[in-house]
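Colleague: Have a look at the structure that comes next, please.
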Amino acid sequence: MNILAVDPGFANNGWAVLDYNTLELVDSGVERFVEATASDEKTTQRIVDWMRRIQETHAPMMFLVEFQGCSMTLRGVEMALLACAQTLGIPSKVVYPLTIKSHFSSRGLACRGNKKNKEDAILLVQQLGYLTDVSHVADCILMCIYVRECVNGST
């Protein structure tokens with residue numbers, strides 16, 4: 001059983017698929033959904049095509065997306081991803097960045113400014129045994145671990 005998480009960004013959208021039972025990193029990467037000259041329809045189609053490929057390849061049982069606050073562009077990506085997941089029948093949850101920082105605060109995450117937060121997330125997932133140096137992917141890994149620990153009641 002796999003969990004898919006996406007952390008939308010202006011230039012890059014990090015994503016990770018983790019096995020729910022083992023928390024093994026199954027796959028991860030960075031996608032570019034938004035391009036300055038692309039229409040909303042083209043952006044949405046990119047998201048739909050990507051989500052279908054992920055579903056066909058990894059059959060996620062749950063989809064997580066990081067809440068994007070006040071940025072209308074990133075909220076649009078977030079909403080398109082959620083709509084896509086719903087259309088494909090994948091249960092979804094929006095995860096708030098402060099929730100993740102709070103959950104992992106005893107393991108080194110805190111609100112220390114954007115650059116430091118990214119460094120902290122990468123360091124934490126590396127300490128947990130995951131090989132990534134991309135902060136958006138690290139955030140996705142932490143979202144998946146968070147949901148698993150909440151369901152299992154462990155930290």
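The chains in the structure tokens are called A, B, ... from first to last as shown; in each chain the residues are counted from 1, and the ligands are counted from 1 in the order shown.
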Residues at most 9 Å from Cys144 (chain A), counting only C-alpha atoms, excluding those fewer than 3 positions away in the same chain, as a list of chain:residue names?
Modeller: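 So the residues in contact are A:Ile3, A:Leu4, A:Ala5, A:Ala16, A:Val17, A:Leu18, A:Asp19, A:Tyr20, A:Leu23, A:Leu64, A:Asp139, A:Cys140, A:Ile141, A:Val147, A:Arg148, A:Glu149.
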Colleague: Enumerate, as a ChimeraX atom specification, the complete set of residues in chain A that a backbone-based DSSP assignment places in alpha helix (DSSP H).
Modeller: /A:40-58,72-87,97-103,114-127,135-152
Colleague: Residues of the last selection are to be written out with C-alpha atoms, as a PDB file, in the first residue's frame.
Modeller:
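Below is the file that was written, part.pdb:
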ATOM      1  CA  ASP A  40      -4.273  27.175 -16.982  1.00  0.00           C
ATOM      2  CA  GLU A  41      -5.658  24.391 -19.163  1.00  0.00           C
ATOM      3  CA  LYS A  42      -2.174  23.254 -20.178  1.00  0.00           C
ATOM      4  CA  THR A  43      -1.004  23.333 -16.544  1.00  0.00           C
ATOM      5  CA  THR A  44      -4.047  21.349 -15.452  1.00  0.00           C
ATOM      6  CA  GLN A  45      -3.491  18.804 -18.220  1.00  0.00           C
ATOM      7  CA  ARG A  46       0.121  18.342 -17.100  1.00  0.00           C
ATOM      8  CA  ILE A  47      -1.102  17.644 -13.570  1.00  0.00           C
ATOM      9  CA  VAL A  48      -3.769  15.200 -14.780  1.00  0.00           C
ATOM     10  CA  ASP A  49      -1.320  13.314 -16.999  1.00  0.00           C
ATOM     11  CA  TRP A  50       1.273  13.125 -14.219  1.00  0.00           C
ATOM     12  CA  MET A  51      -1.252  11.938 -11.618  1.00  0.00           C
ATOM     13  CA  ARG A  52      -2.535   9.235 -13.968  1.00  0.00           C
ATOM     14  CA  ARG A  53       1.028   7.988 -14.563  1.00  0.00           C
ATOM     15  CA  ILE A  54       1.655   7.850 -10.822  1.00  0.00           C
ATOM     16  CA  GLN A  55      -1.608   5.986 -10.247  1.00  0.00           C
ATOM     17  CA  GLU A  56      -0.822   3.461 -12.974  1.00  0.00           C
ATOM     18  CA  THR A  57       2.726   2.924 -11.710  1.00  0.00           C
ATOM     19  CA  HIS A  58       2.275   3.035  -7.921  1.00  0.00           C
ATOM     20  CA  MET A  72      -2.972  31.844  -5.734  1.00  0.00           C
ATOM     21  CA  THR A  73      -0.722  30.054  -8.233  1.00  0.00           C
ATOM     22  CA  LEU A  74       0.299  27.365  -5.752  1.00  0.00           C
ATOM     23  CA  ARG A  75      -3.231  27.070  -4.356  1.00  0.00           C
ATOM     24  CA  GLY A  76      -4.341  26.445  -7.946  1.00  0.00           C
ATOM     25  CA  VAL A  77      -1.829  23.608  -8.265  1.00  0.00           C
ATOM     26  CA  GLU A  78      -2.910  22.247  -4.885  1.00  0.00           C
ATOM     27  CA  MET A  79      -6.596  22.337  -5.889  1.00  0.00           C
ATOM     28  CA  ALA A  80      -5.898  20.743  -9.287  1.00  0.00           C
ATOM     29  CA  LEU A  81      -3.987  17.923  -7.588  1.00  0.00           C
ATOM     30  CA  LEU A  82      -6.814  17.369  -5.093  1.00  0.00           C
ATOM     31  CA  ALA A  83      -9.452  17.373  -7.845  1.00  0.00           C
ATOM     32  CA  CYS A  84      -7.371  14.917  -9.832  1.00  0.00           C
ATOM     33  CA  ALA A  85      -6.961  12.586  -6.877  1.00  0.00           C
ATOM     34  CA  GLN A  86     -10.707  12.739  -6.209  1.00  0.00           C
ATOM     35  CA  THR A  87     -11.506  11.964  -9.838  1.00  0.00           C
ATOM     36  CA  PRO A  97       3.506  22.786   7.140  1.00  0.00           C
ATOM     37  CA  LEU A  98       3.233  23.886  10.775  1.00  0.00           C
ATOM     38  CA  THR A  99       1.634  20.549  11.639  1.00  0.00           C
ATOM     39  CA  ILE A 100       4.667  18.742  10.241  1.00  0.00           C
ATOM     40  CA  LYS A 101       7.102  21.050  12.052  1.00  0.00           C
ATOM     41  CA  SER A 102       5.216  20.542  15.304  1.00  0.00           C
ATOM     42  CA  HIS A 103       5.034  16.758  14.866  1.00  0.00           C
ATOM     43  CA  ASN A 114      12.454  29.249   4.962  1.00  0.00           C
ATOM     44  CA  LYS A 115      16.086  28.420   4.098  1.00  0.00           C
ATOM     45  CA  LYS A 116      16.792  26.867   7.521  1.00  0.00           C
ATOM     46  CA  ASN A 117      13.485  24.948   7.430  1.00  0.00           C
ATOM     47  CA  LYS A 118      14.512  23.382   4.110  1.00  0.00           C
ATOM     48  CA  GLU A 119      17.938  22.440   5.443  1.00  0.00           C
ATOM     49  CA  ASP A 120      16.383  20.963   8.601  1.00  0.00           C
ATOM     50  CA  ALA A 121      13.918  18.837   6.597  1.00  0.00           C
ATOM     51  CA  ILE A 122      16.679  17.453   4.376  1.00  0.00           C
ATOM     52  CA  LEU A 123      18.882  16.682   7.381  1.00  0.00           C
ATOM     53  CA  LEU A 124      16.054  14.941   9.238  1.00  0.00           C
ATOM     54  CA  VAL A 125      15.087  12.651   6.358  1.00  0.00           C
ATOM     55  CA  GLN A 126      18.740  11.829   5.781  1.00  0.00           C
ATOM     56  CA  GLN A 127      19.071  10.927   9.469  1.00  0.00           C
ATOM     57  CA  SER A 135      13.727  19.945   0.240  1.00  0.00           C
ATOM     58  CA  HIS A 136      10.391  19.459  -1.576  1.00  0.00           C
ATOM     59  CA  VAL A 137      10.978  15.691  -1.645  1.00  0.00           C
ATOM     60  CA  ALA A 138      12.063  15.719   2.009  1.00  0.00           C
ATOM     61  CA  ASP A 139       8.813  17.486   2.921  1.00  0.00           C
ATOM     62  CA  CYS A 140       6.841  14.793   1.085  1.00  0.00           C
ATOM     63  CA  ILE A 141       8.649  12.014   2.927  1.00  0.00           C
ATOM     64  CA  LEU A 142       7.875  13.736   6.233  1.00  0.00           C
ATOM     65  CA  MET A 143       4.188  14.096   5.298  1.00  0.00           C
ATOM     66  CA  CYS A 144       3.954  10.343   4.645  1.00  0.00           C
ATOM     67  CA  ILE A 145       5.725   9.478   7.896  1.00  0.00           C
ATOM     68  CA  TYR A 146       3.491  11.913   9.783  1.00  0.00           C
ATOM     69  CA  VAL A 147       0.293  10.288   8.534  1.00  0.00           C
ATOM     70  CA  ARG A 148       1.590   6.783   9.288  1.00  0.00           C
ATOM     71  CA  GLU A 149       2.669   7.781  12.808  1.00  0.00           C
ATOM     72  CA  CYS A 150      -0.667   9.484  13.490  1.00  0.00           C
ATOM     73  CA  VAL A 151      -2.602   6.397  12.392  1.00  0.00           C
ATOM     74  CA  ASN A 152      -0.358   4.045  14.367  1.00  0.00           C
TER      75      ASN A 152
END
Colleague: Which distance in Å separates CA of Trp15 (chain A) and CA of Asp27 (chain A), to one decimal?
Modeller: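 Pair CA of Trp15 (chain A) / CA of Asp27 (chain A) returns 8.4 Å.
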Colleague: Using the chain letters and numbers from this document, which residues of chain A does DSSP assign to strand (DSSP E or B), as number ranges by chain?
Modeller: A: 2-7, 13-19, 25-31, 60-66, 92-95
Colleague: How about saving the chosen residues, C-alpha atoms kept, as a PDB file, in the first residue's frame?
Modeller:
ATOM      1  CA  ASN A   2       1.527   3.263  -1.136  1.00  0.00           C
ATOM      2  CA  ILE A   3       1.087   6.871  -0.065  1.00  0.00           C
ATOM      3  CA  LEU A   4       1.724   9.686  -2.533  1.00  0.00           C
ATOM      4  CA  ALA A   5       2.675  13.143  -1.261  1.00  0.00           C
ATOM      5  CA  VAL A   6       3.264  16.342  -3.243  1.00  0.00           C
ATOM      6  CA  ASP A   7       4.819  19.612  -2.108  1.00  0.00           C
ATOM      7  CA  ASN A  13       6.904  20.305  -7.289  1.00  0.00           C
ATOM      8  CA  GLY A  14       8.481  17.634  -5.137  1.00  0.00           C
ATOM      9  CA  TRP A  15       6.772  14.300  -4.745  1.00  0.00           C
ATOM     10  CA  ALA A  16       7.374  11.009  -3.021  1.00  0.00           C
ATOM     11  CA  VAL A  17       5.708   7.622  -2.870  1.00  0.00           C
ATOM     12  CA  LEU A  18       6.284   5.646   0.321  1.00  0.00           C
ATOM     13  CA  ASP A  19       5.138   2.159   1.198  1.00  0.00           C
ATOM     14  CA  LEU A  25      10.768   5.184  -0.332  1.00  0.00           C
ATOM     15  CA  VAL A  26       9.293   3.613  -3.462  1.00  0.00           C
ATOM     16  CA  ASP A  27       9.838   6.527  -5.836  1.00  0.00           C
ATOM     17  CA  SER A  28      10.317  10.289  -5.780  1.00  0.00           C
ATOM     18  CA  GLY A  29      11.129  13.187  -7.980  1.00  0.00           C
ATOM     19  CA  VAL A  30      10.563  16.750  -9.009  1.00  0.00           C
ATOM     20  CA  GLU A  31       8.023  17.874 -11.599  1.00  0.00           C
ATOM     21  CA  PRO A  60      -1.441   5.047  -4.149  1.00  0.00           C
ATOM     22  CA  MET A  61      -4.062   4.340  -1.514  1.00  0.00           C
ATOM     23  CA  MET A  62      -3.800   7.923  -0.209  1.00  0.00           C
ATOM     24  CA  PHE A  63      -2.774  11.300  -1.540  1.00  0.00           C
ATOM     25  CA  LEU A  64      -1.241  14.054   0.613  1.00  0.00           C
ATOM     26  CA  VAL A  65      -0.577  17.617  -0.484  1.00  0.00           C
ATOM     27  CA  GLU A  66       1.057  20.423   1.463  1.00  0.00           C
ATOM     28  CA  SER A  92      -6.801  12.848  -0.018  1.00  0.00           C
ATOM     29  CA  LYS A  93      -5.603  14.989   2.854  1.00  0.00           C
ATOM     30  CA  VAL A  94      -4.189  18.509   2.965  1.00  0.00           C
ATOM     31  CA  VAL A  95      -1.249  18.703   5.371  1.00  0.00           C
TER      32      VAL A  95
END
Colleague: When you count only C-alpha atoms, which of these residues is closest to Gly9 (chain A): A:Ala38, A:Thr22, A:Gly108, A:Gly69?
Modeller: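 Among A:Ala38, A:Thr22, A:Gly108, A:Gly69, it is A:Gly69 that comes nearest to Gly9 (chain A).
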Colleague: Give me, please, the distance in Å between CA of Ala11 (chain A) and CA of Thr37 (chain A), quoted to one decimal.
Modeller: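 Separation between CA of Ala11 (chain A) and CA of Thr37 (chain A): 13.1 Å.
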Colleague: Mind pulling up the distance from CA of Ser71 (chain A) to CA of Ala110 (chain A)?
Modeller: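 Spanning CA of Ala110 (chain A) to CA of Ser71 (chain A) is a straight-line distance of 22.0 Å.
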